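Content type mmCIF, N, CA and C atoms; chains and numbers go by the auth columns, from the file my_file_29.cif:
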data_coords
#
loop_
_atom_site.group_PDB
_atom_site.id
_atom_site.type_symbol
_atom_site.label_atom_id
_atom_site.label_comp_id
_atom_site.label_asym_id
_atom_site.label_seq_id
_atom_site.Cartn_x
_atom_site.Cartn_y
_atom_site.Cartn_z
_atom_site.B_iso_or_equiv
_atom_site.auth_seq_id
_atom_site.auth_asym_id
ATOM 1 N N MET A 1 -6.377 52.712 -148.613 0.00 22 W
ATOM 2 C CA MET A 1 -7.395 51.669 -148.740 0.00 22 W
ATOM 3 C C MET A 1 -6.729 50.318 -148.542 0.00 22 W
ATOM 4 N N ASN A 2 -7.215 49.550 -147.595 0.00 23 W
ATOM 5 C CA ASN A 2 -6.709 48.212 -147.336 0.00 23 W
ATOM 6 C C ASN A 2 -7.583 47.207 -148.087 0.00 23 W
ATOM 7 N N TYR A 3 -7.197 46.920 -149.314 0.00 24 W
ATOM 8 C CA TYR A 3 -7.999 46.033 -150.156 0.00 24 W
ATOM 9 C C TYR A 3 -7.867 44.557 -149.767 0.00 24 W
ATOM 10 N N GLN A 4 -6.882 44.209 -148.961 0.00 25 W
ATOM 11 C CA GLN A 4 -6.649 42.799 -148.617 0.00 25 W
ATOM 12 C C GLN A 4 -7.840 42.151 -147.919 0.00 25 W
ATOM 13 N N ASP A 5 -8.659 42.932 -147.257 0.00 26 W
ATOM 14 C CA ASP A 5 -9.839 42.381 -146.591 0.00 26 W
ATOM 15 C C ASP A 5 -11.002 42.170 -147.550 0.00 26 W
ATOM 16 N N ILE A 6 -10.901 42.734 -148.742 0.00 27 W
ATOM 17 C CA ILE A 6 -12.009 42.682 -149.697 0.00 27 W
ATOM 18 C C ILE A 6 -11.681 41.803 -150.903 0.00 27 W
ATOM 19 N N ILE A 7 -10.476 41.936 -151.432 0.00 28 W
ATOM 20 C CA ILE A 7 -10.077 41.172 -152.615 0.00 28 W
ATOM 21 C C ILE A 7 -9.541 39.816 -152.180 0.00 28 W
ATOM 22 N N THR A 8 -10.131 38.764 -152.699 0.00 29 W
ATOM 23 C CA THR A 8 -9.738 37.403 -152.334 0.00 29 W
ATOM 24 C C THR A 8 -9.283 36.641 -153.569 0.00 29 W
ATOM 25 N N ILE A 9 -8.375 35.713 -153.360 0.00 30 W
ATOM 26 C CA ILE A 9 -7.906 34.850 -154.444 0.00 30 W
ATOM 27 C C ILE A 9 -8.040 33.409 -153.969 0.00 30 W
ATOM 28 N N GLU A 10 -8.883 32.653 -154.662 0.00 31 W
ATOM 29 C CA GLU A 10 -9.111 31.249 -154.340 0.00 31 W
ATOM 30 C C GLU A 10 -8.834 30.430 -155.598 0.00 31 W
ATOM 31 N N PRO A 11 -7.927 29.451 -155.519 0.00 32 W
ATOM 32 C CA PRO A 11 -7.551 28.681 -156.703 0.00 32 W
ATOM 33 C C PRO A 11 -8.739 28.076 -157.458 0.00 32 W
ATOM 34 N N GLY A 12 -9.763 27.642 -156.764 0.00 33 W
ATOM 35 C CA GLY A 12 -10.893 26.982 -157.418 0.00 33 W
ATOM 36 C C GLY A 12 -11.999 27.908 -157.888 0.00 33 W
ATOM 37 N N LYS A 13 -11.829 29.198 -157.690 0.00 34 W
ATOM 38 C CA LYS A 13 -12.883 30.147 -158.068 0.00 34 W
ATOM 39 C C LYS A 13 -12.370 31.068 -159.161 0.00 34 W
ATOM 40 N N ARG A 14 -13.072 31.089 -160.285 0.00 35 W
ATOM 41 C CA ARG A 14 -12.730 31.933 -161.436 0.00 35 W
ATOM 42 C C ARG A 14 -11.257 31.776 -161.825 0.00 35 W
ATOM 43 N N SER A 15 -10.801 30.541 -161.779 0.00 36 W
ATOM 44 C CA SER A 15 -9.426 30.182 -162.159 0.00 36 W
ATOM 45 C C SER A 15 -8.365 30.914 -161.357 0.00 36 W
ATOM 46 N N GLY A 16 -8.678 31.246 -160.111 0.00 37 W
ATOM 47 C CA GLY A 16 -7.710 31.893 -159.242 0.00 37 W
ATOM 48 C C GLY A 16 -7.566 33.387 -159.455 0.00 37 W
ATOM 49 N N LYS A 17 -8.479 33.972 -160.226 0.00 38 W
ATOM 50 C CA LYS A 17 -8.423 35.424 -160.444 0.00 38 W
ATOM 51 C C LYS A 17 -8.870 36.149 -159.181 0.00 38 W
ATOM 52 N N PRO A 18 -8.353 37.345 -158.964 0.00 39 W
ATOM 53 C CA PRO A 18 -8.763 38.127 -157.790 0.00 39 W
ATOM 54 C C PRO A 18 -10.252 38.465 -157.862 0.00 39 W
ATOM 55 N N CYS A 19 -10.984 38.117 -156.807 0.00 40 W
ATOM 56 C CA CYS A 19 -12.433 38.332 -156.749 0.00 40 W
ATOM 57 C C CYS A 19 -12.778 39.243 -155.576 0.00 40 W
ATOM 58 N N ILE A 20 -14.011 39.679 -155.553 0.00 41 W
ATOM 59 C CA ILE A 20 -14.488 40.553 -154.491 0.00 41 W
ATOM 60 C C ILE A 20 -15.197 39.728 -153.429 0.00 41 W
ATOM 61 N N ARG A 21 -14.670 39.774 -152.220 0.00 42 W
ATOM 62 C CA ARG A 21 -15.245 39.121 -151.041 0.00 42 W
ATOM 63 C C ARG A 21 -15.701 37.678 -151.294 0.00 42 W
ATOM 64 N N GLY A 22 -14.923 36.938 -152.039 0.00 43 W
ATOM 65 C CA GLY A 22 -15.230 35.531 -152.273 0.00 43 W
ATOM 66 C C GLY A 22 -16.343 35.287 -153.276 0.00 43 W
ATOM 67 N N MET A 23 -16.894 36.355 -153.838 0.00 44 W
ATOM 68 C CA MET A 23 -17.935 36.197 -154.862 0.00 44 W
ATOM 69 C C MET A 23 -17.269 35.844 -156.187 0.00 44 W
ATOM 70 N N ARG A 24 -18.070 35.649 -157.200 0.00 45 W
ATOM 71 C CA ARG A 24 -17.536 35.310 -158.510 0.00 45 W
ATOM 72 C C ARG A 24 -17.329 36.547 -159.387 0.00 45 W
ATOM 73 N N ILE A 25 -17.424 37.712 -158.804 0.00 46 W
ATOM 74 C CA ILE A 25 -17.172 38.955 -159.525 0.00 46 W
ATOM 75 C C ILE A 25 -15.700 39.287 -159.357 0.00 46 W
ATOM 76 N N THR A 26 -14.987 39.400 -160.488 0.00 47 W
ATOM 77 C CA THR A 26 -13.546 39.632 -160.418 0.00 47 W
ATOM 78 C C THR A 26 -13.205 41.116 -160.448 0.00 47 W
ATOM 79 N N VAL A 27 -11.991 41.396 -160.018 0.00 48 W
ATOM 80 C CA VAL A 27 -11.455 42.756 -160.113 0.00 48 W
ATOM 81 C C VAL A 27 -11.473 43.181 -161.577 0.00 48 W
ATOM 82 N N TYR A 28 -11.075 42.269 -162.456 0.00 49 W
ATOM 83 C CA TYR A 28 -11.064 42.560 -163.893 0.00 49 W
ATOM 84 C C TYR A 28 -12.451 42.970 -164.386 0.00 49 W
ATOM 85 N N ASP A 29 -13.490 42.272 -163.930 0.00 50 W
ATOM 86 C CA ASP A 29 -14.858 42.611 -164.348 0.00 50 W
ATOM 87 C C ASP A 29 -15.159 44.070 -164.026 0.00 50 W
ATOM 88 N N ILE A 30 -14.863 44.470 -162.807 0.00 51 W
ATOM 89 C CA ILE A 30 -15.169 45.835 -162.366 0.00 51 W
ATOM 90 C C ILE A 30 -14.337 46.847 -163.138 0.00 51 W
ATOM 91 N N LEU A 31 -13.054 46.572 -163.315 0.00 52 W
ATOM 92 C CA LEU A 31 -12.198 47.489 -164.070 0.00 52 W
ATOM 93 C C LEU A 31 -12.674 47.617 -165.514 0.00 52 W
ATOM 94 N N GLU A 32 -13.113 46.512 -166.090 0.00 53 W
ATOM 95 C CA GLU A 32 -13.617 46.541 -167.468 0.00 53 W
ATOM 96 C C GLU A 32 -14.888 47.382 -167.568 0.00 53 W
ATOM 97 N N TYR A 33 -15.784 47.251 -166.593 0.00 54 W
ATOM 98 C CA TYR A 33 -17.008 48.065 -166.593 0.00 54 W
ATOM 99 C C TYR A 33 -16.663 49.545 -166.497 0.00 54 W
ATOM 100 N N LEU A 34 -15.742 49.890 -165.600 0.00 55 W
ATOM 101 C CA LEU A 34 -15.343 51.288 -165.442 0.00 55 W
ATOM 102 C C LEU A 34 -14.675 51.811 -166.712 0.00 55 W
ATOM 103 N N ALA A 35 -13.795 51.015 -167.290 0.00 56 W
ATOM 104 C CA ALA A 35 -13.106 51.425 -168.518 0.00 56 W
ATOM 105 C C ALA A 35 -14.079 51.573 -169.681 0.00 56 W
ATOM 106 N N GLY A 36 -15.150 50.806 -169.642 0.00 57 W
ATOM 107 C CA GLY A 36 -16.165 50.877 -170.685 0.00 57 W
ATOM 108 C C GLY A 36 -17.118 52.053 -170.525 0.00 57 W
ATOM 109 N N GLY A 37 -16.959 52.794 -169.440 0.00 58 W
ATOM 110 C CA GLY A 37 -17.764 53.993 -169.256 0.00 58 W
ATOM 111 C C GLY A 37 -18.867 53.897 -168.219 0.00 58 W
ATOM 112 N N MET A 38 -19.023 52.745 -167.594 0.00 59 W
ATOM 113 C CA MET A 38 -20.036 52.636 -166.538 0.00 59 W
ATOM 114 C C MET A 38 -19.609 53.459 -165.335 0.00 59 W
ATOM 115 N N THR A 39 -20.551 54.077 -164.690 0.00 60 W
ATOM 116 C CA THR A 39 -20.265 54.815 -163.470 0.00 60 W
ATOM 117 C C THR A 39 -20.345 53.852 -162.286 0.00 60 W
ATOM 118 N N GLU A 40 -19.815 54.308 -161.166 0.00 61 W
ATOM 119 C CA GLU A 40 -19.909 53.503 -159.950 0.00 61 W
ATOM 120 C C GLU A 40 -21.379 53.240 -159.614 0.00 61 W
ATOM 121 N N ALA A 41 -22.203 54.262 -159.756 0.00 62 W
ATOM 122 C CA ALA A 41 -23.630 54.115 -159.451 0.00 62 W
ATOM 123 C C ALA A 41 -24.288 53.065 -160.343 0.00 62 W
ATOM 124 N N GLU A 42 -23.918 53.037 -161.609 0.00 63 W
ATOM 125 C CA GLU A 42 -24.491 52.042 -162.533 0.00 63 W
ATOM 126 C C GLU A 42 -24.059 50.627 -162.157 0.00 63 W
ATOM 127 N N ILE A 43 -22.802 50.471 -161.781 0.00 64 W
ATOM 128 C CA ILE A 43 -22.309 49.150 -161.370 0.00 64 W
ATOM 129 C C ILE A 43 -23.039 48.690 -160.116 0.00 64 W
ATOM 130 N N LEU A 44 -23.172 49.594 -159.146 0.00 65 W
ATOM 131 C CA LEU A 44 -23.862 49.241 -157.905 0.00 65 W
ATOM 132 C C LEU A 44 -25.328 48.922 -158.142 0.00 65 W
ATOM 133 N N GLU A 45 -25.921 49.571 -159.120 0.00 66 W
ATOM 134 C CA GLU A 45 -27.324 49.294 -159.461 0.00 66 W
ATOM 135 C C GLU A 45 -27.464 47.912 -160.100 0.00 66 W
ATOM 136 N N ASP A 46 -26.503 47.556 -160.950 0.00 67 W
ATOM 137 C CA ASP A 46 -26.544 46.248 -161.631 0.00 67 W
ATOM 138 C C ASP A 46 -26.153 45.098 -160.714 0.00 67 W
ATOM 139 N N PHE A 47 -25.316 45.363 -159.728 0.00 68 W
ATOM 140 C CA PHE A 47 -24.828 44.332 -158.818 0.00 68 W
ATOM 141 C C PHE A 47 -25.116 44.768 -157.391 0.00 68 W
ATOM 142 N N SER A 48 -26.297 44.478 -156.922 0.00 69 W
ATOM 143 C CA SER A 48 -26.743 44.952 -155.605 0.00 69 W
ATOM 144 C C SER A 48 -25.896 44.405 -154.451 0.00 69 W
ATOM 145 N N GLU A 49 -25.173 43.321 -154.687 0.00 70 W
ATOM 146 C CA GLU A 49 -24.347 42.737 -153.627 0.00 70 W
ATOM 147 C C GLU A 49 -23.034 43.493 -153.434 0.00 70 W
ATOM 148 N N LEU A 50 -22.696 44.396 -154.367 0.00 71 W
ATOM 149 C CA LEU A 50 -21.458 45.164 -154.258 0.00 71 W
ATOM 150 C C LEU A 50 -21.668 46.453 -153.475 0.00 71 W
ATOM 151 N N THR A 51 -20.567 46.964 -152.942 0.00 72 W
ATOM 152 C CA THR A 51 -20.588 48.240 -152.239 0.00 72 W
ATOM 153 C C THR A 51 -19.581 49.184 -152.897 0.00 72 W
ATOM 154 N N SER A 52 -19.680 50.431 -152.536 0.00 73 W
ATOM 155 C CA SER A 52 -18.729 51.428 -153.019 0.00 73 W
ATOM 156 C C SER A 52 -17.315 51.056 -152.590 0.00 73 W
ATOM 157 N N GLU A 53 -17.182 50.513 -151.401 0.00 74 W
ATOM 158 C CA GLU A 53 -15.871 50.079 -150.905 0.00 74 W
ATOM 159 C C GLU A 53 -15.291 48.961 -151.763 0.00 74 W
ATOM 160 N N ASP A 54 -16.145 48.079 -152.274 0.00 75 W
ATOM 161 C CA ASP A 54 -15.678 47.000 -153.146 0.00 75 W
ATOM 162 C C ASP A 54 -15.028 47.575 -154.402 0.00 75 W
ATOM 163 N N ILE A 55 -15.668 48.576 -154.981 0.00 76 W
ATOM 164 C CA ILE A 55 -15.146 49.185 -156.206 0.00 76 W
ATOM 165 C C ILE A 55 -13.835 49.909 -155.915 0.00 76 W
ATOM 166 N N LYS A 56 -13.775 50.611 -154.812 0.00 77 W
ATOM 167 C CA LYS A 56 -12.532 51.295 -154.419 0.00 77 W
ATOM 168 C C LYS A 56 -11.420 50.271 -154.167 0.00 77 W
ATOM 169 N N ALA A 57 -11.763 49.132 -153.607 0.00 78 W
ATOM 170 C CA ALA A 57 -10.774 48.083 -153.365 0.00 78 W
ATOM 171 C C ALA A 57 -10.215 47.548 -154.683 0.00 78 W
ATOM 172 N N CYS A 58 -11.072 47.420 -155.690 0.00 79 W
ATOM 173 C CA CYS A 58 -10.608 46.977 -157.014 0.00 79 W
ATOM 174 C C CYS A 58 -9.604 47.968 -157.586 0.00 79 W
ATOM 175 N N LEU A 59 -9.904 49.257 -157.459 0.00 80 W
ATOM 176 C CA LEU A 59 -8.996 50.284 -157.960 0.00 80 W
ATOM 177 C C LEU A 59 -7.684 50.281 -157.186 0.00 80 W
ATOM 178 N N ALA A 60 -7.756 50.118 -155.876 0.00 81 W
ATOM 179 C CA ALA A 60 -6.548 50.080 -155.053 0.00 81 W
ATOM 180 C C ALA A 60 -5.706 48.847 -155.393 0.00 81 W
ATOM 181 N N PHE A 61 -6.361 47.718 -155.610 0.00 82 W
ATOM 182 C CA PHE A 61 -5.657 46.487 -155.981 0.00 82 W
ATOM 183 C C PHE A 61 -4.931 46.688 -157.303 0.00 82 W
ATOM 184 N N ALA A 62 -5.628 47.261 -158.293 0.00 83 W
ATOM 185 C CA ALA A 62 -5.027 47.490 -159.608 0.00 83 W
ATOM 186 C C ALA A 62 -3.863 48.478 -159.513 0.00 83 W
ATOM 187 N N ALA A 63 -4.031 49.522 -158.719 0.00 84 W
ATOM 188 C CA ALA A 63 -2.963 50.504 -158.555 0.00 84 W
ATOM 189 C C ALA A 63 -1.742 49.864 -157.899 0.00 84 W
ATOM 190 N N ASP A 64 -1.963 49.016 -156.925 0.00 85 W
ATOM 191 C CA ASP A 64 -0.864 48.339 -156.245 0.00 85 W
ATOM 192 C C ASP A 64 -0.128 47.409 -157.204 0.00 85 W
ATOM 193 N N ARG A 65 -0.867 46.696 -158.018 0.00 86 W
ATOM 194 C CA ARG A 65 -0.235 45.810 -159.009 0.00 86 W
ATOM 195 C C ARG A 65 0.569 46.607 -160.014 0.00 86 W
ATOM 196 N N GLU A 66 0.014 47.725 -160.458 0.00 87 W
ATOM 197 C CA GLU A 66 0.702 48.584 -161.419 0.00 87 W
ATOM 198 C C GLU A 66 2.011 49.105 -160.826 0.00 87 W
ATOM 199 N N LYS A 67 1.972 49.470 -159.561 0.00 88 W
ATOM 200 C CA LYS A 67 3.149 49.990 -158.886 0.00 88 W
ATOM 201 C C LYS A 67 4.262 48.930 -158.832 0.00 88 W
ATOM 202 N N LYS A 68 3.866 47.677 -158.758 0.00 89 W
ATOM 203 C CA LYS A 68 4.845 46.593 -158.630 0.00 89 W
ATOM 204 C C LYS A 68 5.421 46.137 -159.968 0.00 89 W
ATOM 205 N N LEU A 69 4.822 46.608 -161.077 0.00 90 W
ATOM 206 C CA LEU A 69 5.336 46.235 -162.399 0.00 90 W
ATOM 207 C C LEU A 69 6.624 46.975 -162.684 0.00 90 W
ATOM 208 N N PHE A 70 7.497 46.337 -163.413 0.00 91 W
ATOM 209 C CA PHE A 70 8.722 47.004 -163.853 0.00 91 W
ATOM 210 C C PHE A 70 9.105 46.428 -165.202 0.00 91 W
ATOM 211 N N VAL A 71 9.865 47.199 -165.935 0.00 92 W
ATOM 212 C CA VAL A 71 10.293 46.777 -167.259 0.00 92 W
ATOM 213 C C VAL A 71 11.789 46.502 -167.220 0.00 92 W
ATOM 214 N N VAL A 72 12.172 45.385 -167.798 0.00 93 W
ATOM 215 C CA VAL A 72 13.577 45.021 -167.872 0.00 93 W
ATOM 216 C C VAL A 72 14.084 45.442 -169.248 0.00 93 W
ATOM 217 N N SER A 73 15.083 46.293 -169.274 0.00 94 W
ATOM 218 C CA SER A 73 15.661 46.734 -170.529 0.00 94 W
ATOM 219 C C SER A 73 16.600 45.664 -171.062 0.00 94 W
ATOM 220 N N VAL A 74 16.588 45.522 -172.380 0.00 95 W
ATOM 221 C CA VAL A 74 17.469 44.522 -173.022 0.00 95 W
ATOM 222 C C VAL A 74 18.678 45.200 -173.596 0.00 95 W
#

Taking this structure as input, can you express it in the form of structure tokens?
Amino acid sequence: MNYQDIITIEPGKRSGKPCIRGMRITVYDILEYLAGGMTEAEILEDFSELTSEDIKACLAFAADREKKLFVVSV
């Protein structure tokens, strides 16, 4: 999944948080809905401007960020 075409970061929008296609819906918002138990279908029903690809892009973005994290041992 190439999320770079879907996830955008603009300094003046939502304090520079990663958003979906320039909208004010953040990756965090979608991840929080999913973690809270909402299904993809429920999210798409509540936010008609979103697509299934948008949700997959949020997951791919989060997975990529997780992959880049590392812990420094003291």

**Message:** For a quick check of understanding, using only C-alpha atoms, which of W:Thr60, W:Val48, W:Leu65, W:Arg86 has the smallest distance to Ile30 of chain W?
**Reply:**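 So, comparing all the options, the nearest one is W:Val48.
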
**Request:** Would you please give, as a PyMOL selection string, all residues of chain W that DSSP assigns to alpha helix (DSSP H) based on the backbone?
**Result:** chain W and resi 48-56+61-67+73-89

**Request:** Determine the residue set returned by the PyMOL selection byres ((chain W and resi 79) around 8) for the present structure, and present it as a ChimeraX atom specification.
**Result:** /W:24,27-28,41,47-49,51-52,73-78,80-85

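Rounded to one decimal, atom C of Gln25 of chain W and atom C of Lys38 of chain W lie 12.8 Å from each other.
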
**Message:** To one decimal place in Å, what is the distance between atom N of Cys40 of chain W and atom N of Leu71 of chain W?
**Reply:** 13.5 Å
